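K.L.:
Can you keep this structure in mind? I'll have questions shortly.
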Amino acid sequence: MTDSASPRPDVVFGRYRVFRKRREVWADGLPLKLGGRAFDVLMTLVDAGGATVSKDELMARVWAGRIVEENTLEAQIAALR
């Protein structure tokens, strides 16, 4: 991604670059394999700007209107780690 025509990341933290519209996360210049729900969890946390996000808020934003078990959220957090 060194091409000058490459899009700029929307979010940069440490070695990571996030391209929100493309739903991609890159680390050290390489794309990471990240599922859609994990990406949504990440964006919810990024959008909070460092504020605490409750488990209930994460569940409501990522799985709006769906009934899922708590371990589903735990699995997505584990994927992000």
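Chain identifiers are assigned as A, B, and so on, following the order in which chains appear in the structure tokens; residues are numbered from 1 within each chain, and ligands are numbered from 1 in order of appearance.
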Give me, as a list of chain:residue names, all polymer residues having an atom no more than 10 Å from Lys21 of chain A, counting only C-alpha atoms and skipping those fewer than 3 positions away in the same chain.

P.N.:
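Near neighbours after the sequence-gap exclusion: A:Pro9, A:Asp10, A:Val18, A:Glu24.
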
K.L.:
Could you save the residues just selected, with all heavy atoms, as an mmCIF file, in the first residue's frame?

P.N.:
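Output file part-v6.cif is given in full below:
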```
data_model
loop_
_atom_site.group_PDB
_atom_site.id
_atom_site.type_symbol
_atom_site.label_atom_id
_atom_site.label_comp_id
_atom_site.auth_asym_id
_atom_site.auth_seq_id
_atom_site.Cartn_x
_atom_site.Cartn_y
_atom_site.Cartn_z
ATOM 1 N N PRO A 9 -6.161 5.891 5.289
ATOM 2 C CA PRO A 9 -6.992 5.225 6.294
ATOM 3 C C PRO A 9 -7.853 6.234 7.044
ATOM 4 O O PRO A 9 -7.484 7.403 7.195
ATOM 5 C CB PRO A 9 -5.970 4.573 7.221
ATOM 6 C CG PRO A 9 -4.706 5.316 6.995
ATOM 7 C CD PRO A 9 -4.751 5.833 5.602
ATOM 8 N N ASP A 10 -9.001 5.773 7.505
ATOM 9 C CA ASP A 10 -9.897 6.616 8.300
ATOM 10 C C ASP A 10 -9.430 6.701 9.748
ATOM 11 O O ASP A 10 -9.634 7.708 10.417
ATOM 12 C CB ASP A 10 -11.322 6.052 8.264
ATOM 13 C CG ASP A 10 -11.879 6.025 6.856
ATOM 14 O OD1 ASP A 10 -12.065 7.111 6.286
ATOM 15 O OD2 ASP A 10 -12.105 4.927 6.327
ATOM 16 N N VAL A 18 -7.209 1.515 9.561
ATOM 17 C CA VAL A 18 -8.589 1.076 9.347
ATOM 18 C C VAL A 18 -9.188 1.869 8.197
ATOM 19 O O VAL A 18 -9.148 3.107 8.194
ATOM 20 C CB VAL A 18 -9.439 1.267 10.623
ATOM 21 C CG1 VAL A 18 -10.876 0.826 10.381
ATOM 22 C CG2 VAL A 18 -8.835 0.510 11.797
ATOM 23 N N GLU A 24 -11.898 -2.729 6.041
ATOM 24 C CA GLU A 24 -10.615 -3.416 6.098
ATOM 25 C C GLU A 24 -9.763 -2.870 7.239
ATOM 26 O O GLU A 24 -9.794 -1.672 7.529
ATOM 27 C CB GLU A 24 -9.823 -3.219 4.803
ATOM 28 C CG GLU A 24 -10.442 -3.857 3.597
ATOM 29 C CD GLU A 24 -9.639 -3.601 2.332
ATOM 30 O OE1 GLU A 24 -8.672 -2.812 2.359
ATOM 31 O OE2 GLU A 24 -10.002 -4.182 1.301
#
```

K.L.:
Would you mind listing what lies within 8 Å of segment 63-80 of chain A as a list in words, with only C-alpha atoms counted and same-chain residues fewer than 5 positions away left out?

P.N.:
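Non-adjacent residues within range: Leu34, Arg37, Ala38, Val41, Leu42 and Leu58 of chain A.
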
K.L.:
With C-alpha atoms retained, export the selected residues as an mmCIF file, in the first residue's frame.

P.N.:
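Listed below is the output, out_15.cif:
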```
data_model
loop_
_atom_site.group_PDB
_atom_site.id
_atom_site.type_symbol
_atom_site.label_atom_id
_atom_site.label_comp_id
_atom_site.auth_asym_id
_atom_site.auth_seq_id
_atom_site.Cartn_x
_atom_site.Cartn_y
_atom_site.Cartn_z
ATOM 1 C CA LEU A 34 -11.459 -9.924 10.172
ATOM 2 C CA ARG A 37 -19.134 -8.574 13.240
ATOM 3 C CA ALA A 38 -15.612 -8.174 14.637
ATOM 4 C CA VAL A 41 -17.313 -4.218 17.274
ATOM 5 C CA LEU A 42 -14.025 -2.491 16.464
ATOM 6 C CA LEU A 58 -22.090 -3.253 21.985
#
```

K.L.:
What is the atom CA of Pro31 of chain A to atom CA of Ser54 of chain A distance in Å?

P.N.:
28.4 Å

K.L.:
With only C-alpha atoms as the atoms that count, which of A:Val62, A:Val11, A:Ala27, A:Leu32 lies nearest to Gly49 of chain A?

P.N.:
A:Val11

K.L.:
Need the shell around Arg20 of chain A: protein/DNA/RNA residues with any atom at most 12 Å away, counting only C-alpha atoms. Skip same-chain ones fewer than 6 positions apart. Format as a PyMOL selection string?

P.N.:
chain A and resi 7-12+26+36+39-40+42-44+46-47

K.L.:
Would you mind writing down, as a PyMOL selection string, each residue of chain A that DSSP on the backbone assigns to strand (DSSP E or B)?

P.N.:
chain A and resi 11-13+16-19+24-27+30-31

K.L.:
Could you pull out the helix (DSSP H, G or I) residues of chain A, going by DSSP on the backbone, and write them as a PyMOL selection string?

P.N.:
chain A and resi 36-47+55-62+70-80
